[in-house]
Each structure stands twice: as structure tokens, then as C-alpha cells.
$ cat model-v6.txt   # compact mmCIF, N, CA and C atoms
# COMPACT_ATOMS: atom_id res chain seq x y z
N MET A 34 0.82 -1.18 0.00
CA MET A 34 0.00 0.00 0.00
C MET A 34 0.88 1.25 0.00
N TYR A 35 1.93 1.23 0.80
CA TYR A 35 2.86 2.36 0.85
C TYR A 35 3.38 2.68 -0.55
N GLN A 36 3.85 1.66 -1.24
CA GLN A 36 4.45 1.87 -2.56
C GLN A 36 3.42 2.42 -3.55
N TRP A 37 2.19 1.93 -3.48
CA TRP A 37 1.12 2.42 -4.35
C TRP A 37 0.89 3.91 -4.13
N ILE A 38 0.86 4.32 -2.86
CA ILE A 38 0.64 5.73 -2.53
C ILE A 38 1.77 6.59 -3.08
N VAL A 39 3.01 6.16 -2.85
CA VAL A 39 4.17 6.93 -3.33
C VAL A 39 4.22 6.94 -4.86
N ASP A 40 3.97 5.79 -5.49
CA ASP A 40 3.98 5.71 -6.96
C ASP A 40 2.95 6.64 -7.60
N ASN A 41 1.87 6.92 -6.89
CA ASN A 41 0.83 7.80 -7.41
C ASN A 41 1.09 9.28 -7.08
N GLY A 42 2.27 9.56 -6.54
CA GLY A 42 2.65 10.95 -6.28
C GLY A 42 1.93 11.58 -5.11
N THR A 43 1.42 10.76 -4.19
CA THR A 43 0.74 11.29 -3.02
C THR A 43 1.56 10.97 -1.76
N THR A 44 1.14 11.55 -0.65
CA THR A 44 1.91 11.47 0.60
C THR A 44 1.31 10.44 1.55
N PRO A 45 2.06 9.38 1.88
CA PRO A 45 1.53 8.35 2.80
C PRO A 45 1.54 8.82 4.25
N HIS A 46 0.44 8.55 4.93
CA HIS A 46 0.31 8.84 6.36
C HIS A 46 -0.16 7.58 7.07
N LEU A 47 0.32 7.41 8.30
CA LEU A 47 -0.14 6.32 9.16
C LEU A 47 -0.98 6.90 10.28
N LEU A 48 -2.10 6.25 10.59
CA LEU A 48 -2.86 6.56 11.79
C LEU A 48 -2.49 5.48 12.80
N VAL A 49 -1.96 5.90 13.94
CA VAL A 49 -1.40 4.97 14.92
C VAL A 49 -2.13 5.10 16.26
N ASP A 50 -2.46 3.96 16.85
CA ASP A 50 -3.02 3.88 18.19
C ASP A 50 -1.85 3.91 19.17
N MET A 51 -1.81 4.92 20.03
CA MET A 51 -0.68 5.08 20.96
C MET A 51 -0.86 4.33 22.27
N ASP A 52 -1.93 3.53 22.42
CA ASP A 52 -2.18 2.83 23.68
C ASP A 52 -1.15 1.76 24.00
N ASN A 53 -0.50 1.20 23.00
CA ASN A 53 0.50 0.15 23.18
C ASN A 53 1.80 0.79 23.70
N ASP A 54 2.36 0.27 24.79
CA ASP A 54 3.60 0.81 25.36
C ASP A 54 4.79 0.67 24.42
N ALA A 55 4.72 -0.26 23.47
CA ALA A 55 5.82 -0.46 22.53
C ALA A 55 5.87 0.62 21.44
N VAL A 56 4.81 1.42 21.33
CA VAL A 56 4.77 2.50 20.35
C VAL A 56 5.69 3.62 20.84
N GLN A 57 6.68 3.95 20.02
CA GLN A 57 7.62 5.03 20.35
C GLN A 57 7.41 6.17 19.35
N VAL A 58 6.59 7.14 19.77
CA VAL A 58 6.27 8.31 18.96
C VAL A 58 6.27 9.52 19.88
N PRO A 59 6.32 10.73 19.31
CA PRO A 59 6.21 11.92 20.17
C PRO A 59 4.76 12.10 20.61
N ARG A 60 4.45 11.59 21.77
CA ARG A 60 3.06 11.53 22.23
C ARG A 60 2.42 12.91 22.38
N GLN A 61 3.20 13.94 22.55
CA GLN A 61 2.64 15.28 22.69
C GLN A 61 1.98 15.77 21.40
N TYR A 62 2.25 15.11 20.27
CA TYR A 62 1.63 15.48 19.00
C TYR A 62 0.38 14.65 18.70
N GLY A 63 0.05 13.74 19.58
CA GLY A 63 -1.13 12.90 19.39
C GLY A 63 -2.37 13.55 19.98
N GLU A 64 -3.51 12.94 19.66
CA GLU A 64 -4.77 13.43 20.17
C GLU A 64 -5.72 12.24 20.35
N ASN A 65 -6.38 12.18 21.49
CA ASN A 65 -7.33 11.10 21.78
C ASN A 65 -6.69 9.72 21.65
N GLY A 66 -5.43 9.60 22.05
CA GLY A 66 -4.74 8.30 22.02
C GLY A 66 -4.27 7.87 20.65
N LYS A 67 -4.35 8.78 19.67
CA LYS A 67 -3.93 8.45 18.30
C LYS A 67 -3.01 9.54 17.78
N ILE A 68 -2.18 9.17 16.80
CA ILE A 68 -1.29 10.12 16.17
C ILE A 68 -1.23 9.82 14.68
N VAL A 69 -1.12 10.86 13.88
CA VAL A 69 -0.97 10.72 12.43
C VAL A 69 0.49 11.03 12.10
N LEU A 70 1.12 10.11 11.38
CA LEU A 70 2.53 10.25 11.02
C LEU A 70 2.70 10.30 9.51
N ASN A 71 3.37 11.34 9.03
CA ASN A 71 3.73 11.45 7.62
C ASN A 71 4.94 10.55 7.41
N ILE A 72 4.80 9.52 6.57
CA ILE A 72 5.92 8.62 6.32
C ILE A 72 6.40 8.72 4.88
N GLY A 73 6.17 9.88 4.27
CA GLY A 73 6.63 10.12 2.91
C GLY A 73 8.15 10.12 2.83
N PRO A 74 8.70 9.83 1.65
CA PRO A 74 10.16 9.76 1.49
C PRO A 74 10.90 11.04 1.87
N THR A 75 10.25 12.19 1.73
CA THR A 75 10.92 13.45 2.10
C THR A 75 10.75 13.79 3.57
N ALA A 76 9.89 13.08 4.29
CA ALA A 76 9.62 13.38 5.69
C ALA A 76 10.40 12.50 6.66
N VAL A 77 10.82 11.32 6.21
CA VAL A 77 11.49 10.39 7.12
C VAL A 77 12.79 9.88 6.51
N GLN A 78 13.63 9.33 7.35
CA GLN A 78 14.86 8.68 6.92
C GLN A 78 14.89 7.28 7.49
N GLY A 79 15.48 6.36 6.74
CA GLY A 79 15.66 4.99 7.23
C GLY A 79 14.36 4.25 7.46
N LEU A 80 13.36 4.49 6.61
CA LEU A 80 12.07 3.82 6.78
C LEU A 80 12.22 2.32 6.55
N THR A 81 11.76 1.54 7.52
CA THR A 81 11.73 0.08 7.41
C THR A 81 10.30 -0.37 7.66
N LEU A 82 9.71 -0.99 6.64
CA LEU A 82 8.35 -1.52 6.75
C LEU A 82 8.46 -3.02 7.00
N GLY A 83 8.60 -3.41 8.26
CA GLY A 83 8.80 -4.81 8.60
C GLY A 83 7.50 -5.56 8.83
N ASN A 84 7.61 -6.85 9.05
CA ASN A 84 6.44 -7.69 9.31
C ASN A 84 5.84 -7.44 10.69
N THR A 85 6.66 -6.99 11.64
CA THR A 85 6.17 -6.77 12.99
C THR A 85 6.22 -5.31 13.43
N THR A 86 7.12 -4.53 12.82
CA THR A 86 7.24 -3.11 13.19
C THR A 86 7.53 -2.24 11.98
N VAL A 87 7.15 -0.98 12.11
CA VAL A 87 7.53 0.06 11.16
C VAL A 87 8.45 0.99 11.94
N THR A 88 9.64 1.22 11.40
CA THR A 88 10.60 2.09 12.08
C THR A 88 11.12 3.14 11.11
N PHE A 89 11.45 4.31 11.65
CA PHE A 89 12.06 5.38 10.86
C PHE A 89 12.58 6.46 11.79
N ASN A 90 13.34 7.36 11.22
CA ASN A 90 13.82 8.54 11.92
C ASN A 90 13.13 9.75 11.33
N ALA A 91 12.72 10.69 12.19
CA ALA A 91 12.06 11.90 11.72
C ALA A 91 12.31 13.02 12.72
N ARG A 92 11.99 14.23 12.29
CA ARG A 92 12.12 15.39 13.16
C ARG A 92 10.73 15.85 13.58
N PHE A 93 10.57 16.11 14.86
CA PHE A 93 9.32 16.62 15.41
C PHE A 93 9.67 17.88 16.19
N GLY A 94 9.12 19.00 15.75
CA GLY A 94 9.46 20.26 16.41
C GLY A 94 10.94 20.56 16.33
N GLY A 95 11.59 20.11 15.26
CA GLY A 95 13.02 20.34 15.07
C GLY A 95 13.93 19.35 15.78
N LYS A 96 13.36 18.45 16.56
CA LYS A 96 14.17 17.48 17.31
C LYS A 96 14.09 16.12 16.64
N PRO A 97 15.24 15.46 16.40
CA PRO A 97 15.23 14.13 15.78
C PRO A 97 14.70 13.08 16.75
N MET A 98 14.04 12.07 16.18
CA MET A 98 13.51 10.99 17.01
C MET A 98 13.47 9.70 16.21
N ASN A 99 13.79 8.60 16.88
CA ASN A 99 13.61 7.27 16.31
C ASN A 99 12.18 6.84 16.62
N VAL A 100 11.42 6.53 15.59
CA VAL A 100 10.02 6.14 15.75
C VAL A 100 9.90 4.64 15.54
N VAL A 101 9.17 3.99 16.44
CA VAL A 101 8.91 2.55 16.34
C VAL A 101 7.41 2.33 16.53
N VAL A 102 6.80 1.69 15.53
CA VAL A 102 5.36 1.42 15.60
C VAL A 102 5.12 -0.06 15.32
N PRO A 103 4.66 -0.81 16.32
CA PRO A 103 4.28 -2.20 16.06
C PRO A 103 3.13 -2.23 15.04
N VAL A 104 3.17 -3.19 14.14
CA VAL A 104 2.18 -3.28 13.07
C VAL A 104 0.76 -3.35 13.64
N GLN A 105 0.56 -4.04 14.76
CA GLN A 105 -0.78 -4.16 15.32
C GLN A 105 -1.33 -2.83 15.84
N SER A 106 -0.48 -1.81 15.99
CA SER A 106 -0.93 -0.50 16.43
C SER A 106 -1.30 0.43 15.28
N ILE A 107 -1.08 -0.01 14.04
CA ILE A 107 -1.42 0.80 12.88
C ILE A 107 -2.90 0.63 12.58
N LEU A 108 -3.63 1.73 12.61
CA LEU A 108 -5.06 1.70 12.37
C LEU A 108 -5.40 1.95 10.90
N ALA A 109 -4.51 2.68 10.19
CA ALA A 109 -4.78 2.99 8.78
C ALA A 109 -3.52 3.49 8.11
N ILE A 110 -3.46 3.31 6.79
CA ILE A 110 -2.48 3.97 5.94
C ILE A 110 -3.29 4.62 4.83
N TYR A 111 -3.04 5.90 4.59
CA TYR A 111 -3.84 6.62 3.62
C TYR A 111 -3.05 7.79 3.05
N THR A 112 -3.59 8.42 2.00
CA THR A 112 -2.93 9.57 1.39
C THR A 112 -3.46 10.85 2.00
N ARG A 113 -2.57 11.79 2.19
CA ARG A 113 -2.97 13.09 2.71
C ARG A 113 -3.86 13.83 1.71
N GLU A 114 -3.53 13.69 0.42
CA GLU A 114 -4.18 14.47 -0.61
C GLU A 114 -5.65 14.12 -0.84
N ASN A 115 -5.99 12.84 -0.80
CA ASN A 115 -7.38 12.47 -1.10
C ASN A 115 -7.98 11.48 -0.10
N GLY A 116 -7.23 11.08 0.92
CA GLY A 116 -7.76 10.19 1.94
C GLY A 116 -7.91 8.74 1.53
N GLN A 117 -7.51 8.39 0.30
CA GLN A 117 -7.61 7.00 -0.12
C GLN A 117 -6.58 6.17 0.63
N GLY A 118 -6.95 4.94 0.96
CA GLY A 118 -6.03 4.07 1.68
C GLY A 118 -6.73 2.85 2.21
N MET A 119 -6.23 2.36 3.35
CA MET A 119 -6.75 1.13 3.91
C MET A 119 -6.82 1.27 5.43
N MET A 120 -7.97 0.85 5.99
CA MET A 120 -8.16 0.84 7.44
C MET A 120 -7.85 -0.57 7.95
N PHE A 121 -7.33 -0.64 9.16
CA PHE A 121 -7.04 -1.91 9.80
C PHE A 121 -7.68 -1.91 11.18
N GLY A 122 -7.62 -3.04 11.85
CA GLY A 122 -8.03 -3.09 13.24
C GLY A 122 -9.38 -3.72 13.47
N GLU A 123 -9.83 -3.64 14.73
CA GLU A 123 -11.05 -4.30 15.16
C GLU A 123 -12.30 -3.58 14.70
N ASP A 124 -12.17 -2.35 14.21
CA ASP A 124 -13.34 -1.60 13.78
C ASP A 124 -13.84 -2.03 12.41
N GLU A 125 -13.13 -2.95 11.76
CA GLU A 125 -13.57 -3.42 10.46
C GLU A 125 -14.88 -4.18 10.61
N PRO A 126 -15.81 -3.98 9.67
CA PRO A 126 -17.08 -4.71 9.79
C PRO A 126 -16.88 -6.21 9.67
N GLN A 127 -17.56 -6.94 10.50
CA GLN A 127 -17.48 -8.39 10.49
C GLN A 127 -18.77 -8.94 9.89
N PRO A 128 -18.69 -10.06 9.16
CA PRO A 128 -19.92 -10.63 8.62
C PRO A 128 -20.82 -11.08 9.77
N PRO A 129 -22.12 -10.92 9.61
CA PRO A 129 -23.02 -11.33 10.69
C PRO A 129 -22.98 -12.84 10.90
N THR A 130 -23.08 -13.24 12.15
CA THR A 130 -23.12 -14.68 12.45
C THR A 130 -24.57 -15.13 12.42
N PRO A 131 -24.85 -16.28 11.82
CA PRO A 131 -26.24 -16.75 11.74
C PRO A 131 -26.80 -17.03 13.13
N GLN A 132 -28.05 -16.68 13.33
CA GLN A 132 -28.74 -16.94 14.58
C GLN A 132 -29.28 -18.38 14.57
N PRO A 133 -29.23 -19.07 15.69
CA PRO A 133 -29.77 -20.44 15.73
C PRO A 133 -31.25 -20.43 15.35
N GLY A 134 -31.62 -21.37 14.50
CA GLY A 134 -33.01 -21.51 14.11
C GLY A 134 -33.42 -20.60 12.96
N LYS A 135 -32.51 -19.76 12.49
CA LYS A 135 -32.84 -18.87 11.38
C LYS A 135 -32.13 -19.35 10.13
N THR A 136 -32.76 -19.16 9.00
CA THR A 136 -32.17 -19.61 7.74
C THR A 136 -31.13 -18.60 7.27
N LYS A 137 -30.14 -19.13 6.59
CA LYS A 137 -29.08 -18.30 6.05
C LYS A 137 -29.53 -17.72 4.71
N PRO A 138 -29.25 -16.43 4.44
CA PRO A 138 -29.63 -15.87 3.16
C PRO A 138 -28.87 -16.55 2.03
N ALA A 139 -29.50 -16.61 0.87
CA ALA A 139 -28.86 -17.25 -0.30
C ALA A 139 -27.66 -16.44 -0.73
N LYS A 140 -26.65 -17.15 -1.27
CA LYS A 140 -25.46 -16.48 -1.76
C LYS A 140 -25.81 -15.69 -3.01
N PRO A 141 -25.23 -14.49 -3.18
CA PRO A 141 -25.52 -13.74 -4.40
C PRO A 141 -24.94 -14.46 -5.61
N ARG A 142 -25.63 -14.33 -6.73
CA ARG A 142 -25.18 -14.98 -7.95
C ARG A 142 -25.11 -13.94 -9.06
N LEU A 143 -24.11 -14.07 -9.91
CA LEU A 143 -23.98 -13.21 -11.07
C LEU A 143 -24.55 -13.93 -12.27
N LYS A 144 -25.22 -13.19 -13.12
CA LYS A 144 -25.81 -13.77 -14.31
C LYS A 144 -25.33 -12.95 -15.50
N VAL A 145 -24.82 -13.63 -16.54
CA VAL A 145 -24.36 -12.95 -17.73
C VAL A 145 -25.56 -12.63 -18.60
N ILE A 146 -25.72 -11.36 -18.93
CA ILE A 146 -26.82 -10.92 -19.79
C ILE A 146 -26.21 -10.42 -21.08
N LYS A 147 -26.70 -10.98 -22.20
CA LYS A 147 -26.17 -10.58 -23.51
C LYS A 147 -27.10 -9.65 -24.21
$ encode --input "model-v6.txt" --output "C-alpha cells"
Amino acid sequence: MYQWIVDNGTTPHLLVDMDNDAVQVPRQYGENGKIVLNIGPTAVQGLTLGNTTVTFNARFGGKPMNVVVPVQSILAIYTRENGQGMMFGEDEPQPPTPQPGKTKPAKPRLKVIK
């Protein structure tokens, strides 16, 4: 997703949940337990998009900082310019579970019309 955003000439941002103690971000820039981080190539240095963590170096208020974000704390990656991206986490809609004794709706079917 990061590469798609950069390839399209837009600026990637991460929405991060700061509740996890392993999250190392400048918490004074967050709001309501969340922080938005610009991870564009011109904003960060040494960006590593790992399987378990995202790490990079950036300046906040003129002060350099090593940022560490566990992947499970990332709520979204999106573009600043148009908001397109992907949401993650428990807030994603889940398919409804069938109630006992109730019939399951039929699966949708596609029909080719000529």
C-alpha cells in the first residue's frame, strides 16, 4: 500500500493507536490516544516496513527521534491528498453470524446478460 501511494505521487500517512507501550512516537503530537505520522520519502529517513514493526527517523518540532510502531498499532495507511487508503483493526465490519433456528440468506449470484 505504501508503494502504491508513493507511486501515485501522493503522501503516505499512518494513523497509529498510541495505547501500546511499545509505540515510540512523540506523544505530545497525538490526540485522543492516536497520532498521524507522515511517512513520505521526504519526511522520514531509514524507513523500514517490517512484518512486525515500522521504524524510521524523523524530526518533530526540530528534534530528531527514532520512531517505532508495532504493526498491530497501525489503524490505517492513507494519502494526505485524497484520503484513499486502507483501514485496519477491530473496527472493520465483520460478517453477521447466523442466529440459531434462522435460515441463512442465499449467496448472491452473477448472471451474464447478452
$ residues_around --input "model-v6.txt" --residues "region 38-41 of chain A" --least-positions-apart "2" --cutoff "8 Å" --atoms "only N, CA and C atoms" --output "NGL selection string"
:A and (34-36 or 43-46 or 73-74 or 111-112 or 117)
$ atom_distance --input "model-v6.txt" --atom1 "atom N of Leu80 (chain A)" --atom2 "atom C of Val104 (chain A)"
16.4 Å
$ closest_residue --input "model-v6.txt" --among "A:Asn53, A:Trp37, A:Leu82, A:Val102" --to "Val69 (chain A)" --atoms "only C-alpha atoms"
A:Val102
$ atom_distance --input "model-v6.txt" --atom1 "CA of Ile110 (chain A)" --atom2 "CA of Asn71 (chain A)"
9.9 Å
$ atom_distance --input "model-v6.txt" --atom1 "atom C of Leu108 (chain A)" --atom2 "CA of Leu48 (chain A)"
5.3 Å
$ select_by_dssp --input "model-v6.txt" --residues "region 37-136 of chain A" --states "strand (DSSP E)" --output "number ranges by chain"
A: 45-50, 67-71, 78-82, 86-93, 96-103, 107-112, 118-120
$ closest_residue --input "model-v6.txt" --among "A:Val49, A:Val87, A:Val100, A:Ile107" --to "Glu64 (chain A)" --atoms "only C-alpha atoms"
A:Val49
